[in-house]
>>> print(open('run29.pdb').read())   # PDB, C-alpha atoms
ATOM      1  CA  MET A   1      46.085 -43.937 -26.224
ATOM      2  CA  LEU A   2      47.030 -42.389 -22.933
ATOM      3  CA  ASN A   3      49.003 -44.408 -20.493
ATOM      4  CA  ASN A   4      47.702 -45.148 -17.024
ATOM      5  CA  GLY A   5      49.453 -42.216 -15.280
ATOM      6  CA  LYS A   6      48.307 -39.636 -17.819
ATOM      7  CA  THR A   7      44.753 -40.947 -17.694
ATOM      8  CA  ARG A   8      44.665 -40.521 -13.961
ATOM      9  CA  ARG A   9      46.020 -36.970 -14.208
ATOM     10  CA  TRP A  10      43.376 -36.085 -16.823
ATOM     11  CA  ILE A  11      40.614 -37.517 -14.674
ATOM     12  CA  VAL A  12      41.862 -35.592 -11.643
ATOM     13  CA  ALA A  13      42.064 -32.355 -13.649
ATOM     14  CA  LEU A  14      38.566 -32.798 -15.098
ATOM     15  CA  GLY A  15      37.221 -33.615 -11.674
ATOM     16  CA  VAL A  16      38.684 -30.450 -10.181
ATOM     17  CA  ILE A  17      37.301 -28.316 -13.034
ATOM     18  CA  ALA A  18      33.843 -29.899 -12.839
ATOM     19  CA  THR A  19      33.746 -29.534  -9.083
ATOM     20  CA  GLY A  20      34.739 -25.883  -9.301
ATOM     21  CA  GLY A  21      32.073 -25.213 -11.905
ATOM     22  CA  ILE A  22      29.348 -26.916  -9.956
ATOM     23  CA  CYS A  23      30.267 -25.050  -6.774
ATOM     24  CA  ALA A  24      30.400 -21.739  -8.634
ATOM     25  CA  GLY A  25      26.971 -22.470 -10.073
ATOM     26  CA  ALA A  26      25.568 -23.078  -6.640
ATOM     27  CA  VAL A  27      27.048 -19.813  -5.335
ATOM     28  CA  ILE A  28      25.663 -17.881  -8.313
ATOM     29  CA  ALA A  29      22.256 -19.488  -7.903
ATOM     30  CA  ALA A  30      22.203 -18.477  -4.254
ATOM     31  CA  GLN A  31      23.135 -14.892  -5.157
ATOM     32  CA  VAL A  32      20.469 -14.720  -7.866
ATOM     33  CA  ARG A  33      17.895 -15.145  -5.116
ATOM     34  CA  GLY A  34      18.926 -11.665  -4.095
ATOM     35  CA  PRO A  35      18.887  -9.882  -0.772
ATOM     36  CA  GLY A  36      15.118  -9.715  -0.448
ATOM     37  CA  ILE A  37      14.070 -13.369  -0.189
ATOM     38  CA  PRO A  38      14.699 -14.014   3.487
ATOM     39  CA  GLN A  39      15.595 -17.643   4.015
ATOM     40  CA  GLY A  40      14.561 -17.436   7.643
ATOM     41  CA  LEU A  41      11.104 -16.255   6.641
ATOM     42  CA  GLU A  42      10.407 -19.272   4.454
ATOM     43  CA  ALA A  43      11.376 -21.628   7.278
ATOM     44  CA  ALA A  44       9.311 -19.667   9.816
ATOM     45  CA  ILE A  45       6.255 -19.669   7.543
ATOM     46  CA  GLU A  46       6.401 -23.440   7.292
ATOM     47  CA  ALA A  47       7.029 -24.117  10.986
ATOM     48  CA  GLU A  48       5.347 -21.435  13.090
ATOM     49  CA  PRO A  49       1.654 -21.300  14.155
ATOM     50  CA  LEU A  50      -1.177 -19.411  12.472
ATOM     51  CA  VAL A  51      -3.977 -17.780  14.493
ATOM     52  CA  LEU A  52      -7.499 -17.317  13.140
ATOM     53  CA  VAL A  53      -8.598 -13.697  13.002
ATOM     54  CA  ALA A  54     -11.649 -13.839  10.691
ATOM     55  CA  ASP A  55     -13.779 -16.276   8.703
ATOM     56  CA  LEU A  56     -14.347 -16.677   4.979
ATOM     57  CA  PRO A  57     -17.729 -18.455   4.909
ATOM     58  CA  ALA A  58     -18.564 -21.329   2.562
ATOM     59  CA  ARG A  59     -20.062 -19.848  -0.600
ATOM     60  CA  ASN A  60     -20.300 -20.443  -4.357
ATOM     61  CA  GLY A  61     -19.839 -24.176  -3.786
ATOM     62  CA  GLN A  62     -16.490 -23.459  -2.160
ATOM     63  CA  ALA A  63     -15.569 -24.670   1.324
ATOM     64  CA  LYS A  64     -15.149 -22.415   4.319
ATOM     65  CA  ARG A  65     -11.738 -20.836   4.759
ATOM     66  CA  GLY A  66     -10.143 -18.579   7.345
ATOM     67  CA  VAL A  67      -8.069 -15.440   7.606
ATOM     68  CA  PHE A  68      -4.995 -16.143   9.701
ATOM     69  CA  VAL A  69      -2.279 -13.953  11.166
ATOM     70  CA  GLN A  70       1.201 -15.382  11.664
ATOM     71  CA  PRO A  71       3.795 -13.324  13.542
ATOM     72  CA  THR A  72       7.130 -14.974  12.751
ATOM     73  CA  SER A  73      10.498 -15.163  14.441
ATOM     74  CA  ALA A  74      11.991 -13.963  11.154
ATOM     75  CA  GLY A  75      10.757 -10.429  11.820
ATOM     76  CA  PHE A  76       7.687 -10.495   9.590
ATOM     77  CA  VAL A  77       3.934 -10.600  10.181
ATOM     78  CA  CYS A  78       2.087 -12.688   7.619
ATOM     79  CA  LEU A  79      -1.586 -12.616   6.655
ATOM     80  CA  TRP A  80      -2.988 -15.811   5.114
ATOM     81  CA  ASP A  81      -6.151 -16.968   3.351
ATOM     82  CA  ALA A  82      -6.196 -20.714   4.065
ATOM     83  CA  PRO A  83      -8.530 -23.695   4.605
ATOM     84  CA  SER A  84      -7.147 -24.192   8.130
ATOM     85  CA  ALA A  85      -4.301 -23.166  10.402
ATOM     86  CA  SER A  86      -2.346 -26.279   9.458
ATOM     87  CA  SER A  87      -2.965 -26.288   5.716
ATOM     88  CA  PRO A  88      -0.005 -25.705   3.395
ATOM     89  CA  ALA A  89      -2.478 -24.600   0.683
ATOM     90  CA  ARG A  90      -2.377 -20.979   1.748
ATOM     91  CA  GLN A  91      -2.154 -17.697  -0.128
ATOM     92  CA  GLY A  92      -0.965 -14.508   1.491
ATOM     93  CA  GLY A  93       1.632 -11.884   2.169
ATOM     94  CA  CYS A  94       4.030 -10.674   4.810
ATOM     95  CA  ASN A  95       5.307  -7.301   5.994
ATOM     96  CA  PRO A  96       8.060  -6.434   8.472
ATOM     97  CA  SER A  97       6.926  -6.787  12.104
ATOM     98  CA  ASN A  98       8.040  -3.240  12.913
ATOM     99  CA  ASP A  99       5.856  -1.858  10.127
ATOM    100  CA  PRO A 100       3.101  -4.409   9.473
ATOM    101  CA  PHE A 101       0.991  -1.947   7.476
ATOM    102  CA  ALA A 102       3.975  -0.696   5.443
ATOM    103  CA  GLY A 103       3.231   2.890   6.346
ATOM    104  CA  ARG A 104      -0.502   2.581   5.673
ATOM    105  CA  GLU A 105      -3.624   1.760   7.687
ATOM    106  CA  LEU A 106      -4.636  -1.404   5.785
ATOM    107  CA  PHE A 107      -2.898  -4.680   4.946
ATOM    108  CA  VAL A 108      -5.081  -6.246   2.246
ATOM    109  CA  ASN A 109      -4.819  -9.458   0.213
ATOM    110  CA  PHE A 110      -7.122 -10.042  -2.764
ATOM    111  CA  VAL A 111      -7.243 -13.724  -3.773
ATOM    112  CA  TYR A 112      -9.229 -15.219  -6.645
ATOM    113  CA  ASP A 113      -9.538 -18.359  -8.742
ATOM    114  CA  GLY A 114     -10.236 -18.210 -12.437
ATOM    115  CA  GLY A 115      -9.700 -15.293 -14.732
ATOM    116  CA  PRO A 116      -7.868 -13.228 -15.698
ATOM    117  CA  ALA A 117     -11.112 -12.078 -17.354
ATOM    118  CA  VAL A 118     -13.572 -10.998 -14.663
ATOM    119  CA  SER A 119     -16.322 -13.155 -16.229
ATOM    120  CA  ASP A 120     -14.170 -16.262 -15.663
ATOM    121  CA  VAL A 121     -13.561 -15.690 -11.936
ATOM    122  CA  ARG A 122     -15.123 -18.544  -9.911
ATOM    123  CA  ASP A 123     -14.253 -17.428  -6.386
ATOM    124  CA  ALA A 124     -12.876 -14.168  -5.006
ATOM    125  CA  ARG A 125     -11.934 -13.268  -1.462
ATOM    126  CA  LEU A 126     -10.601 -10.276   0.439
ATOM    127  CA  SER A 127      -8.680 -10.637   3.675
ATOM    128  CA  GLY A 128      -7.006  -7.967   5.698
ATOM    129  CA  LEU A 129      -5.732  -6.376   8.873
ATOM    130  CA  VAL A 130      -6.447  -2.834   9.998
ATOM    131  CA  SER A 131      -4.372  -0.473  12.124
ATOM    132  CA  GLN A 132      -5.524   0.986  15.453
ATOM    133  CA  ALA A 133      -6.468   4.205  13.638
ATOM    134  CA  VAL A 134      -9.231   2.430  11.703
ATOM    135  CA  ALA A 135     -12.750   2.571  13.152
ATOM    136  CA  ARG A 136     -14.575   1.017  10.192
ATOM    137  CA  ALA A 137     -13.706  -0.559   6.873
ATOM    138  CA  GLN A 138     -15.781  -1.178   3.774
ATOM    139  CA  VAL A 139     -15.529  -2.608   0.292
ATOM    140  CA  VAL A 140     -16.337  -0.373  -2.656
ATOM    141  CA  MET A 141     -17.945  -2.472  -5.395
ATOM    142  CA  SER A 142     -17.764  -1.947  -9.136
ATOM    143  CA  ASP A 143     -21.523  -1.271  -9.255
ATOM    144  CA  GLY A 144     -21.073   1.708  -6.938
ATOM    145  CA  THR A 145     -22.395   0.012  -3.793
ATOM    146  CA  GLN A 146     -20.477  -0.325  -0.549
ATOM    147  CA  ARG A 147     -20.318  -3.356   1.729
ATOM    148  CA  SER A 148     -19.376  -2.988   5.384
ATOM    149  CA  LEU A 149     -16.655  -5.258   6.686
ATOM    150  CA  VAL A 150     -16.935  -6.888  10.100
ATOM    151  CA  LEU A 151     -13.731  -6.345  12.054
ATOM    152  CA  ARG A 152     -12.752  -9.133  14.420
ATOM    153  CA  GLY A 153      -9.982  -9.132  16.954
ATOM    154  CA  ALA A 154      -7.344 -11.646  17.882
ATOM    155  CA  SER A 155      -4.477 -11.568  20.337
ATOM    156  CA  VAL A 156      -1.262 -13.215  19.269
ATOM    157  CA  GLY A 157       1.931 -13.223  21.284
ATOM    158  CA  GLY A 158       0.794 -10.278  23.406
ATOM    159  CA  LYS A 159      -0.153  -8.187  20.383
ATOM    160  CA  SER A 160      -3.678  -7.368  19.271
ATOM    161  CA  TYR A 161      -4.759  -7.581  15.664
ATOM    162  CA  ARG A 162      -8.039  -6.687  13.987
ATOM    163  CA  GLY A 163      -8.888  -8.286  10.711
ATOM    164  CA  PHE A 164     -11.633  -9.093   8.228
ATOM    165  CA  GLY A 165     -12.596 -11.613   5.594
ATOM    166  CA  TYR A 166     -15.013 -11.086   2.713
ATOM    167  CA  ARG A 167     -16.056 -13.583   0.051
ATOM    168  CA  LEU A 168     -17.910 -12.455  -3.034
ATOM    169  CA  GLY A 169     -21.293 -14.016  -3.757
ATOM    170  CA  ARG A 170     -22.072 -15.988  -6.892
ATOM    171  CA  THR A 171     -24.621 -13.386  -8.019
ATOM    172  CA  ASP A 172     -22.022 -10.654  -7.904
ATOM    173  CA  LEU A 173     -19.531 -12.753  -9.862
ATOM    174  CA  GLN A 174     -22.096 -13.733 -12.499
ATOM    175  CA  MET A 175     -23.007 -10.091 -12.991
ATOM    176  CA  GLY A 176     -19.353  -9.094 -13.205
ATOM    177  CA  VAL A 177     -19.620  -7.091  -9.997
ATOM    178  CA  GLY A 178     -16.559  -7.133  -7.791
ATOM    179  CA  PRO A 179     -14.500  -5.175  -5.283
ATOM    180  CA  ILE A 180     -12.590  -2.251  -6.699
ATOM    181  CA  ALA A 181     -11.166  -1.036  -3.359
ATOM    182  CA  VAL A 182     -11.070  -1.508   0.385
ATOM    183  CA  VAL A 183     -11.494   1.749   2.284
ATOM    184  CA  ALA A 184     -10.496   2.505   5.881
ATOM    185  CA  LEU A 185     -12.416   5.140   7.857
ATOM    186  CA  ASP A 186     -11.562   6.803  11.159
ATOM    187  CA  GLU A 187     -13.955   7.629  14.018
ATOM    188  CA  SER A 188     -15.238  10.726  12.212
ATOM    189  CA  GLY A 189     -15.976   8.744   9.063
ATOM    190  CA  ALA A 190     -13.100  10.307   7.160
ATOM    191  CA  GLU A 191     -11.280   8.083   4.692
ATOM    192  CA  ILE A 192      -7.734   7.428   5.913
ATOM    193  CA  ASP A 193      -6.629   4.681   3.503
ATOM    194  CA  ARG A 194      -7.793   3.083   0.262
ATOM    195  CA  GLN A 195      -6.290   0.039  -1.427
ATOM    196  CA  THR A 196      -7.475  -0.788  -4.910
ATOM    197  CA  THR A 197      -7.823  -4.382  -6.128
ATOM    198  CA  GLY A 198      -7.447  -3.901  -9.860
ATOM    199  CA  PHE A 199     -10.882  -5.472 -10.361
ATOM    200  CA  ASN A 200     -12.548  -3.534 -13.169
ATOM    201  CA  GLY A 201     -15.648  -5.508 -13.906
TER     202      GLY A 201
ATOM    203  CA  MET B   1      42.842 -45.272  -6.850
ATOM    204  CA  LYS B   2      42.587 -43.310  -3.608
ATOM    205  CA  ARG B   3      42.853 -40.039  -5.515
ATOM    206  CA  LEU B   4      40.154 -41.129  -7.954
ATOM    207  CA  ALA B   5      37.857 -42.105  -5.120
ATOM    208  CA  ALA B   6      38.428 -38.773  -3.409
ATOM    209  CA  VAL B   7      37.624 -36.834  -6.583
ATOM    210  CA  ALA B   8      34.466 -38.867  -7.164
ATOM    211  CA  ALA B   9      33.318 -38.287  -3.600
ATOM    212  CA  LEU B  10      34.012 -34.552  -3.861
ATOM    213  CA  MET B  11      32.007 -34.335  -7.082
ATOM    214  CA  LEU B  12      29.062 -36.134  -5.508
ATOM    215  CA  VAL B  13      29.068 -33.748  -2.555
ATOM    216  CA  ALA B  14      29.270 -30.744  -4.851
ATOM    217  CA  LEU B  15      26.413 -32.077  -6.967
ATOM    218  CA  ALA B  16      24.279 -32.550  -3.881
ATOM    219  CA  ILE B  17      25.007 -29.035  -2.635
ATOM    220  CA  SER B  18      24.332 -27.576  -6.061
ATOM    221  CA  ALA B  19      21.050 -29.417  -6.412
ATOM    222  CA  SER B  20      19.808 -28.266  -3.041
ATOM    223  CA  ALA B  21      20.880 -24.690  -3.666
ATOM    224  CA  SER B  22      19.590 -24.133  -7.160
ATOM    225  CA  ALA B  23      17.022 -26.758  -8.190
ATOM    226  CA  ALA B  24      14.469 -26.197  -5.430
ATOM    227  CA  ILE B  25      13.978 -22.466  -6.025
ATOM    228  CA  VAL B  26      14.228 -20.748  -9.404
ATOM    229  CA  THR B  27      14.295 -16.971  -9.696
ATOM    230  CA  TYR B  28      12.457 -16.081 -12.876
ATOM    231  CA  GLY B  29      11.902 -12.351 -12.740
ATOM    232  CA  GLY B  30      13.668  -9.497 -11.063
ATOM    233  CA  TYR B  31      15.308  -7.092 -13.434
ATOM    234  CA  SER B  32      13.134  -4.003 -13.660
ATOM    235  CA  TRP B  33       9.608  -3.230 -12.599
ATOM    236  CA  PRO B  34       7.826  -0.617 -14.675
ATOM    237  CA  ALA B  35       4.040  -0.735 -14.311
ATOM    238  CA  GLY B  36       2.650  -3.754 -16.155
ATOM    239  CA  GLN B  37       5.952  -5.652 -16.244
ATOM    240  CA  ALA B  38       5.384  -9.414 -15.953
ATOM    241  CA  TYR B  39       7.529 -12.532 -15.948
ATOM    242  CA  SER B  40       6.768 -16.267 -16.142
ATOM    243  CA  THR B  41       8.511 -19.579 -15.718
ATOM    244  CA  SER B  42       8.300 -22.364 -18.291
ATOM    245  CA  TYR B  43       5.435 -24.855 -17.928
ATOM    246  CA  SER B  44       6.022 -27.754 -15.561
ATOM    247  CA  PRO B  45       3.952 -30.079 -13.356
ATOM    248  CA  TYR B  46       6.453 -29.621 -10.530
ATOM    249  CA  TRP B  47       5.909 -25.975  -9.529
ATOM    250  CA  TRP B  48       4.139 -25.804  -6.177
ATOM    251  CA  ARG B  49       4.996 -22.379  -4.721
ATOM    252  CA  ASN B  50       5.261 -18.926  -6.286
ATOM    253  CA  VAL B  51       6.643 -15.943  -4.370
ATOM    254  CA  PHE B  52       7.219 -12.251  -5.040
ATOM    255  CA  SER B  53       9.744 -10.666  -2.704
ATOM    256  CA  LYS B  54      10.240  -6.908  -2.588
ATOM    257  CA  MET B  55      12.397  -4.420  -0.721
ATOM    258  CA  ALA B  56       9.533  -1.904  -0.797
ATOM    259  CA  THR B  57       5.771  -2.073  -0.809
ATOM    260  CA  PHE B  58       4.019  -1.744  -4.166
ATOM    261  CA  ASP B  59       1.028  -3.318  -5.906
ATOM    262  CA  THR B  60       1.881  -6.733  -7.371
ATOM    263  CA  THR B  61       0.233  -9.997  -8.425
ATOM    264  CA  VAL B  62       1.358 -13.636  -8.361
ATOM    265  CA  THR B  63      -0.518 -16.533  -9.915
ATOM    266  CA  PHE B  64      -0.267 -19.942 -11.565
ATOM    267  CA  ILE B  65      -1.460 -20.404 -15.169
ATOM    268  CA  ASP B  66      -2.406 -23.857 -16.437
ATOM    269  CA  ASN B  67      -1.511 -25.015 -19.942
ATOM    270  CA  VAL B  68      -5.006 -26.231 -20.953
ATOM    271  CA  SER B  69      -7.473 -23.398 -20.363
ATOM    272  CA  TYR B  70      -4.746 -20.847 -19.503
ATOM    273  CA  SER B  71      -6.909 -19.987 -16.507
ATOM    274  CA  TRP B  72      -5.370 -18.295 -13.475
ATOM    275  CA  HIS B  73      -5.226 -20.192 -10.174
ATOM    276  CA  PHE B  74      -4.728 -19.035  -6.564
ATOM    277  CA  THR B  75      -4.107 -15.508  -7.778
ATOM    278  CA  LEU B  76      -2.986 -13.073  -5.090
ATOM    279  CA  ARG B  77      -2.831  -9.311  -5.464
ATOM    280  CA  SER B  78      -1.281  -7.327  -2.609
ATOM    281  CA  HIS B  79       1.022  -4.470  -1.637
ATOM    282  CA  ALA B  80       2.794  -6.722   0.903
ATOM    283  CA  THR B  81       6.570  -6.954   0.680
ATOM    284  CA  PHE B  82       6.485 -10.764   0.453
ATOM    285  CA  LEU B  83       3.723 -12.603  -1.432
ATOM    286  CA  SER B  84       3.414 -16.372  -1.447
ATOM    287  CA  ILE B  85       0.906 -18.730  -3.093
ATOM    288  CA  HIS B  86       0.753 -22.521  -3.182
ATOM    289  CA  TRP B  87      -0.747 -25.001  -5.631
ATOM    290  CA  HIS B  88      -0.084 -28.614  -4.676
ATOM    291  CA  SER B  89      -1.113 -30.298  -7.926
ATOM    292  CA  SER B  90       0.525 -32.338 -10.659
ATOM    293  CA  GLN B  91      -1.255 -30.270 -13.311
ATOM    294  CA  THR B  92       1.124 -28.642 -15.758
ATOM    295  CA  LYS B  93       1.385 -24.932 -14.991
ATOM    296  CA  LYS B  94       3.667 -21.934 -15.013
ATOM    297  CA  ALA B  95       4.362 -19.419 -12.273
ATOM    298  CA  HIS B  96       3.618 -15.835 -13.239
ATOM    299  CA  CYS B  97       4.170 -12.490 -11.518
ATOM    300  CA  ARG B  98       3.296  -8.928 -12.425
ATOM    301  CA  ALA B  99       3.932  -5.390 -11.166
ATOM    302  CA  ASN B 100       0.652  -3.480 -11.197
ATOM    303  CA  GLN B 101       2.515  -0.270 -10.460
ATOM    304  CA  GLY B 102       6.088   0.668 -11.209
ATOM    305  CA  SER B 103       8.885   0.591  -8.658
ATOM    306  CA  SER B 104      12.632   1.129  -8.677
ATOM    307  CA  ALA B 105      13.060  -1.010  -5.560
ATOM    308  CA  TRP B 106      14.754  -4.392  -5.734
ATOM    309  CA  ALA B 107      12.190  -7.137  -6.233
ATOM    310  CA  ALA B 108      12.211 -10.669  -7.575
ATOM    311  CA  CYS B 109       9.863 -13.545  -8.309
ATOM    312  CA  ALA B 110      10.796 -17.135  -7.531
ATOM    313  CA  ALA B 111       9.101 -20.483  -8.006
ATOM    314  CA  SER B 112       9.693 -23.676  -6.046
ATOM    315  CA  SER B 113       9.668 -27.172  -7.537
TER     316      SER B 113
END
>>> encode(input="run29.pdb", output="structure tokens")
Amino acid sequence: MLNNGKTRRWIVALGVIATGGICAGAVIAAQVRGPGIPQGLEAAIEAEPLVLVADLPARNGQAKRGVFVQPTSAGFVCLWDAPSASSPARQGGCNPSNDPFAGRELFVNFVYDGGPAVSDVRDARLSGLVSQAVARAQVVMSDGTQRSLVLRGASVGGKSYRGFGYRLGRTDLQMGVGPIAVVALDESGAEIDRQTTGFNG
Amino acid sequence: MKRLAAVAALMLVALAISASASAAIVTYGGYSWPAGQAYSTSYSPYWWRNVFSKMATFDTTVTFIDNVSYSWHFTLRSHATFLSIHWHSSQTKKAHCRANQGSSAWAACAASS
């Protein structure tokens, strides 16, 4: 059996080793997050205001939602599909403020519940922002039809945004019809951007 | 006794720092992104946020998958450089992310609990 002095030295040594290991683990964990998960963005998303830019009407037994834009102090513009401006139950994406369309003319989010099989999808919604070059936007459906999107404007922090919201109808979902792409057109009607949704019903 | 108390206090502080740094957010995918590459967490009732962070824009999906019907919930598909979805529920689920097109850019998925 160790005497009192040796016991204390062992405890001190184990404590130092354990502390070092725990600290190293924390540092590694922080590095694993990588350079692309901006800590400031997460805090800004939680704290900073959202502004309504378009509606997602109640449909399919689902409550009304909104399309919100959120310019953040972290240098990103976020686009959310959410029940309200204060709801934490939001789904969306962000792009850098200096390139909110990431080199394109459309910033589109496609959100759905159910699936992954198309026949199991209960609710599906498109939300988006369009650049100044876009005169009109439309949804190309899997049955070959096209649905025009209503573009609405909002001014946030001195900047103007135009956006849209589109919620699929129950009939479309039951028939397996869904959006395969959102298309942006210029004043002449020429297609200037197309973002596919992956929906292949 | 003073030394023992100091060591104990230091360990408690380190444990607290470690917990806050690593337990709240878990990176579960971020190694390579050929088209169709997907990653998932384990199932847990505690996941509430799922994010996909990218250094470049490419087509990706994030979702939650429950462990009963294996249905997808709050699925988001977007080219945005940062995707985030939320499911505030105690239902057991896993976070899942997928690259719908390949990219050589740095990207990672992370889930919050």
>>> resolve_selection(input="run29.pdb", expression="the PyMOL selection byres ((chain A and resi 58) around 12)", output="number ranges by chain")
A: 55-57, 59-66, 83, 123-125, 165-170
>>> atom_distance(input="run29.pdb", atom1="CA of Ala95 in chain B", atom2="CA of Ser42 in chain B")
7.8 Å
>>> resolve_selection(input="run29.pdb", expression="the ChimeraX specification (/A :<6) & /B", output="PyMOL selection string")
chain B and resi 11+18+21-22+53+55+71-78+80-86
>>> residues_around(input="run29.pdb", residues="Val150 in chain A", least_positions_apart="5", cutoff="9 Å", atoms="all atoms listed in the file", output="mmCIF file with C-alpha atoms, in the frame of the given file")
data_model
loop_
_atom_site.group_PDB
_atom_site.id
_atom_site.type_symbol
_atom_site.label_atom_id
_atom_site.label_comp_id
_atom_site.auth_asym_id
_atom_site.auth_seq_id
_atom_site.Cartn_x
_atom_site.Cartn_y
_atom_site.Cartn_z
ATOM 1 C CA ALA A 54 -11.649 -13.839 10.691
ATOM 2 C CA ARG A 136 -14.575 1.017 10.192
ATOM 3 C CA ALA A 137 -13.706 -0.559 6.873
ATOM 4 C CA GLN A 138 -15.781 -1.178 3.774
ATOM 5 C CA GLY A 163 -8.888 -8.286 10.711
ATOM 6 C CA PHE A 164 -11.633 -9.093 8.228
ATOM 7 C CA GLY A 165 -12.596 -11.613 5.594
ATOM 8 C CA TYR A 166 -15.013 -11.086 2.713
#
>>> axis_aligned_box(input="run29.pdb", around="range 65-72 of chain A", padding_each_side="5 Å", output="AutoDock Vina command-line options")
--center_x -2.3 --center_y -17.1 --center_z 9.2 --size_x 28.9 --size_y 17.5 --size_z 18.8
>>> resolve_selection(input="run29.pdb", expression="the PyMOL selection byres ((chain B and resi 32) around 10)", output="list in words")
Gly29, Gly30, Tyr31, Trp33, Pro34, Ala35, Gln37, Ala38, Ala99, Gly102, Ser103, Ser104, Ala105, Trp106, Ala107 and Ala108 of chain B
>>> atom_distance(input="run29.pdb", atom1="CA of Ser97 in chain A", atom2="CA of Val62 in chain B")
22.3 Å
>>> atom_distance(input="run29.pdb", atom1="CA of Leu149 in chain A", atom2="CA of Val134 in chain A")
11.8 Å
>>> closest_residue(input="run29.pdb", among="A:Phe68, A:Arg104, A:Glu48, A:Val182", to="Phe58 in chain B", atoms="all atoms listed in the file")
A:Arg104
>>> residues_around(input="run29.pdb", residues="Tyr43 in chain B", least_positions_apart="2", cutoff="9 Å", atoms="all atoms listed in the file", output="VMD selection string")
chain B and resid 40 to 41 45 to 47 65 to 67 92 to 95
>>> closest_residue(input="run29.pdb", among="B:Val68, B:Ala111, B:Ala24, B:Ala56", to="Gln91 in chain B", atoms="all atoms listed in the file")
B:Val68
